[in-house]
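Student: My structure file start_4.tsv, TSV, C-alpha atoms, is below:
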```
chain	number	residue	atom	x	y	z
A	232	LYS	CA	17.97	31.58	19.17
A	233	ASN	CA	14.26	32.32	18.94
A	234	PRO	CA	12.33	30.14	21.45
A	235	ASP	CA	9.00	30.95	19.81
A	236	LYS	CA	10.25	29.74	16.44
A	237	LYS	CA	11.59	26.52	17.97
A	238	LYS	CA	8.23	25.99	19.66
A	239	GLN	CA	6.45	26.46	16.32
A	240	ILE	CA	8.76	23.95	14.64
A	241	ASN	CA	8.19	21.37	17.41
A	242	LEU	CA	4.44	21.90	17.22
A	243	ALA	CA	4.49	21.40	13.44
A	244	ASN	CA	6.55	18.23	13.87
A	245	ALA	CA	4.15	16.93	16.53
A	246	ILE	CA	1.19	17.49	14.20
A	247	THR	CA	2.96	15.65	11.36
A	248	LEU	CA	3.89	12.73	13.61
A	249	GLY	CA	0.36	12.43	15.00
A	250	ASN	CA	-1.26	12.55	11.58
A	251	ASN	CA	1.05	9.72	10.43
A	252	GLY	CA	0.23	7.45	13.34
A	253	TYR	CA	3.26	8.13	15.55
A	254	ILE	CA	1.11	9.03	18.53
A	255	LEU	CA	3.64	8.47	21.32
A	256	SER	CA	6.28	10.62	19.60
A	257	SER	CA	3.69	13.31	18.91
A	258	ASN	CA	2.51	13.35	22.53
A	259	LYS	CA	6.10	13.53	23.77
A	260	LEU	CA	6.77	16.59	21.63
A	261	LEU	CA	3.52	18.23	22.68
A	262	ALA	CA	4.37	17.66	26.35
A	263	SER	CA	7.70	19.43	25.83
A	264	LEU	CA	5.98	22.66	24.78
A	265	PRO	CA	5.48	24.75	27.94
A	266	ASP	CA	2.90	27.50	28.09
A	267	THR	CA	1.44	26.55	24.73
A	268	ASP	CA	-2.21	27.46	24.34
A	269	SER	CA	-2.71	27.64	20.60
A	270	ARG	CA	-5.63	26.18	18.67
A	271	GLU	CA	-3.31	23.77	16.80
A	272	TYR	CA	-1.79	22.49	20.05
A	273	TRP	CA	-5.09	21.57	21.68
A	274	LEU	CA	-6.54	20.20	18.45
A	275	GLN	CA	-3.61	17.80	18.05
A	276	ARG	CA	-3.77	16.80	21.71
A	277	PHE	CA	-7.45	15.96	21.27
A	278	THR	CA	-6.90	14.15	17.95
A	279	ASN	CA	-4.14	11.95	19.39
A	280	TYR	CA	-6.28	10.95	22.36
A	281	MET	CA	-9.28	10.14	20.18
A	282	GLN	CA	-7.19	7.94	17.87
A	283	GLU	CA	-6.15	5.86	20.89
A	284	GLU	CA	-9.70	5.84	22.38
A	285	LEU	CA	-8.45	7.75	25.41
A	286	TYR	CA	-11.81	9.42	25.81
A	287	ALA	CA	-11.24	10.58	29.39
A	288	ASN	CA	-8.11	12.46	28.27
A	289	ALA	CA	-9.98	13.90	25.28
A	290	ALA	CA	-12.77	15.10	27.59
A	291	ASP	CA	-10.16	16.92	29.71
A	292	VAL	CA	-8.98	18.76	26.61
A	293	ILE	CA	-12.56	19.84	25.84
A	294	LYS	CA	-12.82	21.32	29.34
A	295	LYS	CA	-9.57	23.24	28.89
A	296	VAL	CA	-10.82	24.94	25.70
A	297	GLU	CA	-14.32	25.58	27.07
A	298	ASN	CA	-14.16	29.34	26.53
A	299	THR	CA	-12.65	29.22	23.03
A	300	PRO	CA	-14.11	28.81	19.52
A	301	LEU	CA	-12.52	25.33	19.43
A	302	HIS	CA	-14.85	24.01	22.12
A	303	ASN	CA	-17.88	23.24	19.93
A	304	LEU	CA	-15.76	21.54	17.25
A	305	LEU	CA	-14.11	19.18	19.72
A	306	ARG	CA	-17.33	18.50	21.61
A	307	ASN	CA	-19.12	17.52	18.38
A	308	ARG	CA	-16.27	15.22	17.35
A	309	TYR	CA	-16.32	13.61	20.77
A	310	LYS	CA	-20.08	13.00	20.60
A	311	ALA	CA	-19.80	11.49	17.10
A	312	ALA	CA	-17.06	9.03	18.05
A	313	ARG	CA	-17.87	5.35	18.56
A	314	LYS	CA	-18.54	4.59	22.24
A	315	GLY	CA	-19.72	1.03	21.82
A	316	GLY	CA	-21.37	-1.48	19.58
A	317	ILE	CA	-23.29	-4.73	19.19
A	318	GLY	CA	-22.50	-7.47	16.71
A	319	THR	CA	-24.14	-10.76	15.76
A	320	ILE	CA	-22.08	-13.47	14.06
A	321	PHE	CA	-23.10	-16.72	12.41
A	322	SER	CA	-20.52	-19.08	10.96
A	323	THR	CA	-20.33	-22.64	9.72
A	324	THR	CA	-17.21	-24.56	8.78
A	325	ASP	CA	-16.16	-28.13	8.04
A	326	ASN	CA	-12.92	-29.85	7.06
A	327	TYR	CA	-11.67	-32.95	5.28
A	328	LYS	CA	-11.51	-34.93	8.55
A	329	GLY	CA	-15.27	-34.71	8.98
A	330	ASN	CA	-15.15	-32.15	11.78
A	331	SER	CA	-17.59	-29.24	11.63
A	332	VAL	CA	-18.57	-26.26	13.76
A	333	GLN	CA	-21.72	-24.13	13.56
A	334	SER	CA	-21.75	-21.09	15.80
A	335	TYR	CA	-23.96	-18.14	16.62
A	336	SER	CA	-22.89	-15.37	18.96
A	337	VAL	CA	-23.87	-11.89	20.07
A	338	GLU	CA	-21.13	-9.63	21.38
A	339	GLY	CA	-20.93	-6.01	22.43
A	340	ASP	CA	-18.97	-3.35	24.22
A	341	VAL	CA	-19.79	0.01	25.77
A	342	TYR	CA	-17.63	2.83	27.07
A	343	ILE	CA	-18.21	3.33	30.81
A	344	GLY	CA	-15.72	6.14	31.50
A	345	PHE	CA	-12.11	6.38	32.69
A	346	ASN	CA	-10.84	5.07	29.32
A	347	THR	CA	-12.56	1.75	30.06
A	348	TYR	CA	-14.99	-0.45	28.11
A	349	LEU	CA	-17.36	-3.09	29.45
A	350	THR	CA	-17.49	-6.11	27.11
A	351	ALA	CA	-19.96	-8.99	26.96
A	352	SER	CA	-20.91	-11.88	24.69
A	353	LEU	CA	-23.26	-14.86	24.40
A	354	GLY	CA	-22.40	-17.81	22.20
A	355	ASN	CA	-23.80	-21.13	21.02
A	356	TYR	CA	-21.37	-23.58	19.37
A	357	ARG	CA	-22.27	-26.96	17.82
A	358	PHE	CA	-19.29	-29.28	17.32
A	359	SER	CA	-19.63	-32.40	15.19
A	360	ASN	CA	-17.51	-35.19	13.80
A	361	GLN	CA	-18.51	-38.18	11.70
A	362	ALA	CA	-20.07	-39.95	14.70
A	363	GLN	CA	-20.92	-37.45	17.43
A	364	THR	CA	-22.34	-33.97	18.06
A	365	THR	CA	-22.19	-31.76	21.12
A	366	THR	CA	-23.21	-28.17	21.90
A	367	VAL	CA	-21.48	-25.61	24.11
A	368	THR	CA	-23.05	-22.36	25.27
A	369	THR	CA	-20.92	-19.54	26.64
A	370	THR	CA	-21.53	-16.33	28.56
A	371	THR	CA	-18.63	-13.86	28.83
A	372	LEU	CA	-18.16	-10.60	30.70
A	373	GLY	CA	-15.03	-8.47	30.59
A	374	LEU	CA	-13.29	-5.10	30.86
A	375	LYS	CA	-10.83	-3.35	28.56
A	376	HIS	CA	-8.84	-0.35	29.74
A	377	HIS	CA	-6.84	1.95	27.47
A	378	PHE	CA	-3.85	4.01	28.59
A	379	GLU	CA	-1.27	6.02	26.65
A	380	LEU	CA	1.22	3.15	26.38
A	381	GLY	CA	-1.22	0.34	25.66
A	382	GLN	CA	-4.20	-1.49	27.08
A	383	LEU	CA	-5.26	-4.04	29.69
A	384	TYR	CA	-8.11	-6.51	29.20
A	385	ALA	CA	-9.71	-9.27	31.22
A	386	SER	CA	-12.75	-11.50	30.79
A	387	VAL	CA	-14.50	-14.34	32.60
A	388	SER	CA	-16.62	-16.93	30.79
A	389	ASN	CA	-19.06	-19.63	31.78
A	390	ALA	CA	-19.05	-22.60	29.38
A	391	ASN	CA	-21.82	-25.18	29.58
A	392	SER	CA	-22.32	-28.49	27.81
A	393	GLY	CA	-24.37	-30.40	30.35
A	394	SER	CA	-21.82	-29.46	32.99
A	395	ALA	CA	-20.56	-25.91	33.51
A	396	HIS	CA	-17.11	-24.54	34.24
A	397	THR	CA	-15.37	-21.17	34.32
A	398	LEU	CA	-12.80	-19.89	31.83
A	399	TYR	CA	-10.86	-16.62	31.79
A	400	ASP	CA	-8.47	-14.48	29.74
A	401	LEU	CA	-6.05	-11.77	30.86
A	402	GLY	CA	-4.02	-9.60	28.50
A	403	PHE	CA	-1.60	-6.69	28.52
A	404	ASP	CA	-0.35	-4.75	25.47
A	405	TYR	CA	2.54	-2.36	26.07
A	406	LYS	CA	4.04	0.00	23.49
A	407	LEU	CA	7.79	0.28	23.81
A	408	ASP	CA	7.58	3.00	21.16
A	409	ASP	CA	5.42	3.86	18.14
A	410	LEU	CA	6.85	0.88	16.24
A	411	THR	CA	7.08	-1.87	18.86
A	412	THR	CA	4.38	-3.50	20.99
A	413	VAL	CA	4.85	-6.33	23.49
A	414	SER	CA	1.81	-8.42	24.46
A	415	ILE	CA	1.45	-10.85	27.36
A	416	LEU	CA	-1.61	-13.09	27.57
A	417	THR	CA	-2.71	-15.86	29.90
A	418	GLY	CA	-5.93	-17.69	30.57
A	419	LEU	CA	-7.89	-20.90	30.74
A	420	ARG	CA	-9.67	-22.11	27.60
A	421	ASN	CA	-11.33	-25.23	26.19
A	422	ILE	CA	-9.90	-27.76	23.77
A	423	GLU	CA	-12.61	-27.60	21.13
A	424	PHE	CA	-13.01	-31.19	19.94
A	425	VAL	CA	-16.18	-33.24	20.34
A	426	GLN	CA	-14.57	-36.06	22.33
A	427	ALA	CA	-12.73	-33.64	24.63
A	428	ILE	CA	-15.94	-31.74	25.39
A	429	GLN	CA	-18.00	-34.87	25.98
A	430	ASN	CA	-15.31	-36.16	28.31
A	431	GLY	CA	-16.17	-33.33	30.71
A	432	PHE	CA	-14.09	-30.63	28.99
A	433	VAL	CA	-10.32	-30.74	28.55
A	434	THR	CA	-9.05	-27.28	29.47
A	435	GLU	CA	-5.78	-25.53	28.65
A	436	LYS	CA	-3.94	-23.07	30.91
A	437	TYR	CA	-1.96	-21.02	28.40
A	438	TYR	CA	0.71	-18.31	28.44
A	439	THR	CA	1.56	-16.27	25.35
A	440	LEU	CA	4.29	-13.71	24.70
A	441	ALA	CA	4.07	-11.71	21.47
A	442	LEU	CA	6.14	-8.98	19.85
A	443	ALA	CA	4.88	-6.79	16.99
A	444	ARG	CA	7.48	-4.64	15.25
A	445	LYS	CA	6.63	-2.12	12.57
A	446	ILE	CA	9.87	-1.60	10.65
A	447	ASN	CA	8.39	1.32	8.72
A	448	ASN	CA	5.11	2.21	7.01
A	449	ARG	CA	5.46	-0.74	4.61
A	450	HIS	CA	7.27	-3.53	6.46
A	451	SER	CA	6.36	-5.24	9.74
A	452	LEU	CA	7.28	-8.35	11.74
A	453	PHE	CA	5.36	-10.37	14.32
A	454	PHE	CA	6.57	-13.12	16.68
A	455	ASP	CA	4.66	-15.12	19.28
A	456	TYR	CA	5.36	-18.02	21.61
A	457	THR	CA	2.75	-20.02	23.53
A	458	THR	CA	3.13	-22.69	26.16
A	459	SER	CA	0.27	-24.40	27.96
A	460	SER	CA	-0.59	-27.13	30.44
A	461	LEU	CA	-3.75	-29.19	29.87
A	462	SER	CA	-6.09	-30.63	32.47
A	463	ASP	CA	-5.22	-34.19	31.29
A	464	THR	CA	-1.51	-33.51	32.13
A	465	ASN	CA	-0.59	-32.98	28.48
A	466	HIS	CA	1.61	-30.05	27.47
A	467	PHE	CA	1.59	-27.86	24.35
A	468	PHE	CA	4.06	-25.42	22.84
A	469	GLY	CA	3.91	-23.32	19.72
A	470	TYR	CA	5.73	-20.41	18.16
A	471	GLY	CA	5.64	-18.50	14.92
A	472	ILE	CA	7.06	-15.58	13.00
A	473	SER	CA	5.42	-13.61	10.21
A	474	TYR	CA	6.39	-10.79	7.89
A	475	SER	CA	4.17	-8.43	5.93
A	476	TYR	CA	4.85	-5.96	3.16
A	477	LEU	CA	2.36	-3.22	2.26
A	478	PRO	CA	3.29	-1.83	-1.18
A	479	VAL	CA	-0.04	-0.03	-1.73
A	480	LYS	CA	-2.04	1.86	0.87
A	481	THR	CA	-4.50	4.56	-0.19
A	482	PRO	CA	-7.95	5.57	1.11
A	483	THR	CA	-9.56	3.37	-1.55
A	484	LYS	CA	-7.28	0.32	-1.79
A	485	THR	CA	-4.56	-1.64	-0.03
A	486	HIS	CA	-2.37	-4.53	-1.15
A	487	GLU	CA	-0.42	-6.61	1.34
A	488	PHE	CA	1.98	-9.54	0.87
A	489	PHE	CA	2.84	-11.79	3.81
A	490	ALA	CA	4.84	-14.88	4.74
A	491	TYR	CA	4.95	-16.95	7.92
A	492	TYR	CA	6.45	-19.97	9.67
A	493	ARG	CA	4.90	-21.90	12.60
A	494	ARG	CA	5.93	-24.87	14.70
A	495	SER	CA	3.93	-26.53	17.47
A	496	GLY	CA	3.48	-29.82	19.26
A	497	PHE	CA	2.24	-31.82	22.24
A	498	ASN	CA	4.37	-33.94	24.55
A	499	LYS	CA	2.02	-36.95	24.47
A	500	GLN	CA	-0.79	-38.43	22.41
A	501	SER	CA	-4.51	-38.23	23.23
A	502	GLU	CA	-7.52	-39.95	21.71
A	503	LEU	CA	-9.75	-36.97	22.60
A	504	TYR	CA	-8.15	-34.33	20.35
A	505	GLU	CA	-5.41	-33.95	17.74
A	506	THR	CA	-1.97	-34.15	19.34
A	507	PRO	CA	0.90	-34.21	16.84
A	508	ASP	CA	4.26	-34.12	18.65
A	509	LYS	CA	5.47	-31.87	15.85
A	510	ARG	CA	3.50	-29.70	13.45
A	511	ILE	CA	5.35	-27.53	10.92
A	512	ALA	CA	3.56	-25.02	8.67
A	513	TYR	CA	4.91	-22.27	6.46
A	514	GLY	CA	3.36	-20.23	3.73
A	515	ALA	CA	2.89	-16.97	1.90
A	516	GLY	CA	0.00	-14.99	0.52
A	517	TRP	CA	-1.58	-11.75	-0.57
A	518	GLN	CA	-4.49	-9.65	0.66
A	519	GLY	CA	-6.26	-6.83	-1.16
A	520	ARG	CA	-8.98	-4.45	-0.05
A	521	TRP	CA	-11.00	-2.07	-2.21
A	522	THR	CA	-13.27	0.57	-0.67
A	523	GLN	CA	-16.24	1.88	-2.67
A	524	THR	CA	-17.71	5.39	-2.61
A	525	ASN	CA	-20.57	4.25	-0.33
A	526	LEU	CA	-17.97	2.96	2.22
A	527	SER	CA	-18.62	-0.67	1.34
A	528	TYR	CA	-15.53	-2.71	0.59
A	529	TRP	CA	-14.28	-5.97	-0.90
A	530	LEU	CA	-11.54	-7.97	0.76
A	531	VAL	CA	-9.75	-10.89	-0.90
A	532	ARG	CA	-7.08	-12.98	0.84
A	533	THR	CA	-5.28	-15.95	-0.66
A	534	THR	CA	-2.65	-18.17	0.95
A	535	LEU	CA	-0.45	-21.07	-0.13
A	536	GLU	CA	0.68	-23.19	2.81
A	537	LEU	CA	2.96	-26.20	3.09
A	538	GLY	CA	2.98	-28.32	6.24
A	539	TYR	CA	3.27	-31.70	7.86
A	540	ASP	CA	2.65	-33.52	11.16
A	541	ASN	CA	5.37	-35.65	12.79
A	542	LEU	CA	7.19	-37.55	10.02
A	543	ASP	CA	4.34	-37.43	7.50
A	544	PRO	CA	4.97	-36.18	3.96
A	545	THR	CA	4.61	-32.45	3.31
A	546	ASP	CA	1.18	-31.44	1.98
A	547	THR	CA	0.22	-28.30	0.07
A	548	SER	CA	-2.86	-26.31	1.09
A	549	PRO	CA	-4.00	-23.30	-0.96
A	550	ASN	CA	-7.01	-21.30	0.25
A	551	ILE	CA	-8.91	-18.12	-0.55
A	552	ARG	CA	-11.19	-15.81	1.44
A	553	VAL	CA	-13.62	-13.37	-0.16
A	554	GLN	CA	-15.48	-10.85	2.00
A	555	TYR	CA	-17.92	-8.07	1.19
A	556	THR	CA	-18.91	-5.52	3.85
A	557	PHE	CA	-21.54	-2.87	3.19
A	558	PRO	CA	-23.44	-0.26	5.23
A	559	ILE	CA	-27.22	-0.63	5.54
A	560	ALA	CA	-27.88	2.48	7.65
A	561	ASP	CA	-26.02	5.02	9.74
A	562	LYS	CA	-23.44	3.14	11.88
A	563	GLN	CA	-24.80	-0.25	10.76
A	564	GLU	CA	-23.16	-2.73	8.42
A	565	ILE	CA	-23.41	-6.31	7.20
A	566	SER	CA	-20.46	-8.50	6.26
A	567	VAL	CA	-20.60	-11.71	4.21
A	568	ALA	CA	-17.47	-13.87	3.91
A	569	THR	CA	-16.60	-17.26	2.51
A	570	GLU	CA	-13.39	-19.27	2.56
A	571	TYR	CA	-12.42	-22.39	0.69
A	572	GLY	CA	-9.28	-24.48	1.01
A	573	LEU	CA	-7.80	-27.37	-0.92
A	574	ARG	CA	-5.06	-29.78	0.13
A	575	THR	CA	-3.04	-32.70	-1.08
A	576	ASN	CA	-2.93	-35.96	0.91
A	577	ARG	CA	0.43	-37.50	0.17
A	578	LEU	CA	0.13	-39.80	3.20
A	579	GLY	CA	-2.87	-41.34	1.38
A	580	ASN	CA	-0.99	-41.31	-1.96
A	581	LEU	CA	-3.07	-38.39	-3.25
A	582	ASN	CA	-0.90	-35.78	-4.94
A	583	ARG	CA	-3.88	-34.06	-6.54
A	584	PHE	CA	-5.87	-31.41	-4.68
A	585	VAL	CA	-8.95	-32.47	-2.72
A	586	HIS	CA	-11.33	-30.68	-0.33
A	587	GLY	CA	-9.55	-29.14	2.66
A	588	TYR	CA	-12.13	-26.98	4.38
A	589	LYS	CA	-14.87	-24.46	3.73
A	590	LEU	CA	-16.34	-21.63	5.79
A	591	LEU	CA	-19.29	-19.26	5.57
A	592	GLU	CA	-19.57	-16.26	7.88
A	593	LEU	CA	-22.32	-13.63	8.28
A	594	ARG	CA	-21.98	-10.57	10.52
A	595	TYR	CA	-24.15	-7.64	11.51
A	596	ASN	CA	-22.58	-4.72	13.38
A	597	LEU	CA	-24.20	-1.71	15.02
A	598	SER	CA	-22.02	1.08	16.42
A	599	PHE	CA	-23.14	3.86	18.73
```
Once you've parsed the file, please lay out its structure as structure tokens.
Tutor:
Amino acid sequence: KNPDKKKQINLANAITLGNNGYILSSNKLLASLPDTDSREYWLQRFTNYMQEELYANAADVIKKVENTPLHNLLRNRYKAARKGGIGTIFSTTDNYKGNSVQSYSVEGDVYIGFNTYLTASLGNYRFSNQAQTTTVTTTTLGLKHHFELGQLYASVSNANSGSAHTLYDLGFDYKLDDLTTVSILTGLRNIEFVQAIQNGFVTEKYYTLALARKINNRHSLFFDYTTSSLSDTNHFFGYGISYSYLPVKTPTKTHEFFAYYRRSGFNKQSELYETPDKRIAYGAGWQGRWTQTNLSYWLVRTTLELGYDNLDPTDTSPNIRVQYTFPIADKQEISVATEYGLRTNRLGNLNRFVHGYKLLELRYNLSF
């Protein structure tokens, strides 16, 4: 047996795995190659770390090749990589029940070293129904830390609508392998209905467990379960499963088909927010994306959903989203999106389609 030939084969396999998104498998193979100091080895090490935003690890690689011709190439790639960004978002939406939300927010993140980002956001949200309007302002500060097997994130928010209170989110994503990720989330968040906010905020302490499984490059599954306790002693549960199929994926276009099922409910009724004891929804749809030569792209997503609350008749709700994103300068882009949904109302003896909801969203993003 020729150990050098075996090493070359393993290195070639590691490069192929990394270039196809199997980063953990690629890193495992690379770690099994002792005394390897080739250009290809260090280039793949660096590339894998950069794909996972493990910038501290990538910087270590740059130091190790400091006296080689590879040094300048890796250093320039490192400098050109995104280390943060700022985005502004405006959106307005309303639905057939007379509820509407107008929001404006500014959010950003910046890399601060040690594979860690500092995140922050400011938001202003105006909630309305047919009789009342209330405004909530939020200030959020958080951290996000990447490591080879996943990421940790945490944030604390101050929400104010005449009276202020503190909210928080904690999350943990862990990769069991290149195809399977387990996520655990918990936090305290608002119930976003006008009456609930004006009643001094109804908050929800939630726990979520999620599993994402990539069957192969075309098929994937996702499952999540959430349970929560509310500050008014109510209790919520919800779970869902979804499947997606990606028949077309090229640098210029993707087509994806998906289907899902969700069930949720509350254990008691409230006059401050919607509390069906059983909500069932299931549907299917398609999403396409087309990238232009100037890096702008169109995205179209359409869904057909069937669902009902409690013992109500099943209603049908088709919707469509159209989004156009285009660059306006180096590392700057604008995105414009609109959604429109229809629905039947069989409980009101309407089998024809009527207005369900509409949404308009404008975004500006700057990366640095």
Student: Could you check which of A:Asn250, A:Ser527, A:Thr533, A:Asn465 is closest to A:Gln275, using all atoms listed in the file?
Tutor: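 The answer is A:Asn250, which sits nearest to A:Gln275.
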Student: Please provide as a PyMOL selection string all residues within 9 Å of A:Gln518, with the sequence filter that same-chain residues fewer than 2 positions apart are discarded (counting all atoms listed in the file).
Tutor: chain A and resi 485-489+516+520+530-534
Student: Taking only C-alpha atoms into account, name the residue in A:Glu505, A:Glu536, A:Glu435, A:Asp455 that is nearest to A:Thr397.
Tutor: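 The closest residue to A:Thr397 is A:Glu435.
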Student: Find the residue from A:Asn448, A:Asn389, A:Tyr470, A:Ala311 that sits nearest to A:Asn251; use all atoms listed in the file when measuring.
Tutor: A:Asn448
Student: In Å, with one decimal, what is the gap from atom CA of A:Gln500 to atom CA of A:Ile422?
Tutor: 14.1 Å
Student: When you look at A:Trp521 with a cut-off of 7 Å (counting all atoms listed in the file), what residues show up, excluding the ones that are within fewer than 2 positions of it in the same chain? I need them as a tab-separated table (two decimals) with C-alpha atoms, in the frame of the given file.
Tutor:
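Saved the output as result.tsv:
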```
chain	number	residue	atom	x	y	z
A	483	THR	CA	-9.56	3.37	-1.55
A	484	LYS	CA	-7.28	0.32	-1.79
A	485	THR	CA	-4.56	-1.64	-0.03
A	519	GLY	CA	-6.26	-6.83	-1.16
A	523	GLN	CA	-16.24	1.88	-2.67
A	528	TYR	CA	-15.53	-2.71	0.59
A	529	TRP	CA	-14.28	-5.97	-0.90
A	530	LEU	CA	-11.54	-7.97	0.76
```
Student: Just want the 12 Å neighbourhood of A:Gly316, counted on all atoms listed in the file, with same-chain residues fewer than 5 positions away dropped. Output as a count of residues only.
Tutor: 19
Student: Under the rule that all atoms listed in the file are counted, which of A:Lys238, A:His377, A:Lys589, A:Arg552 is the nearest residue to A:Thr323?
Tutor: A:Lys589
Student: If you measure from atom CA of A:Ala312 to atom CA of A:Leu285, what distance in Å do you get, rounded to one decimal?
Tutor: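 Between atom CA of A:Ala312 and atom CA of A:Leu285 the gap is 11.4 Å.
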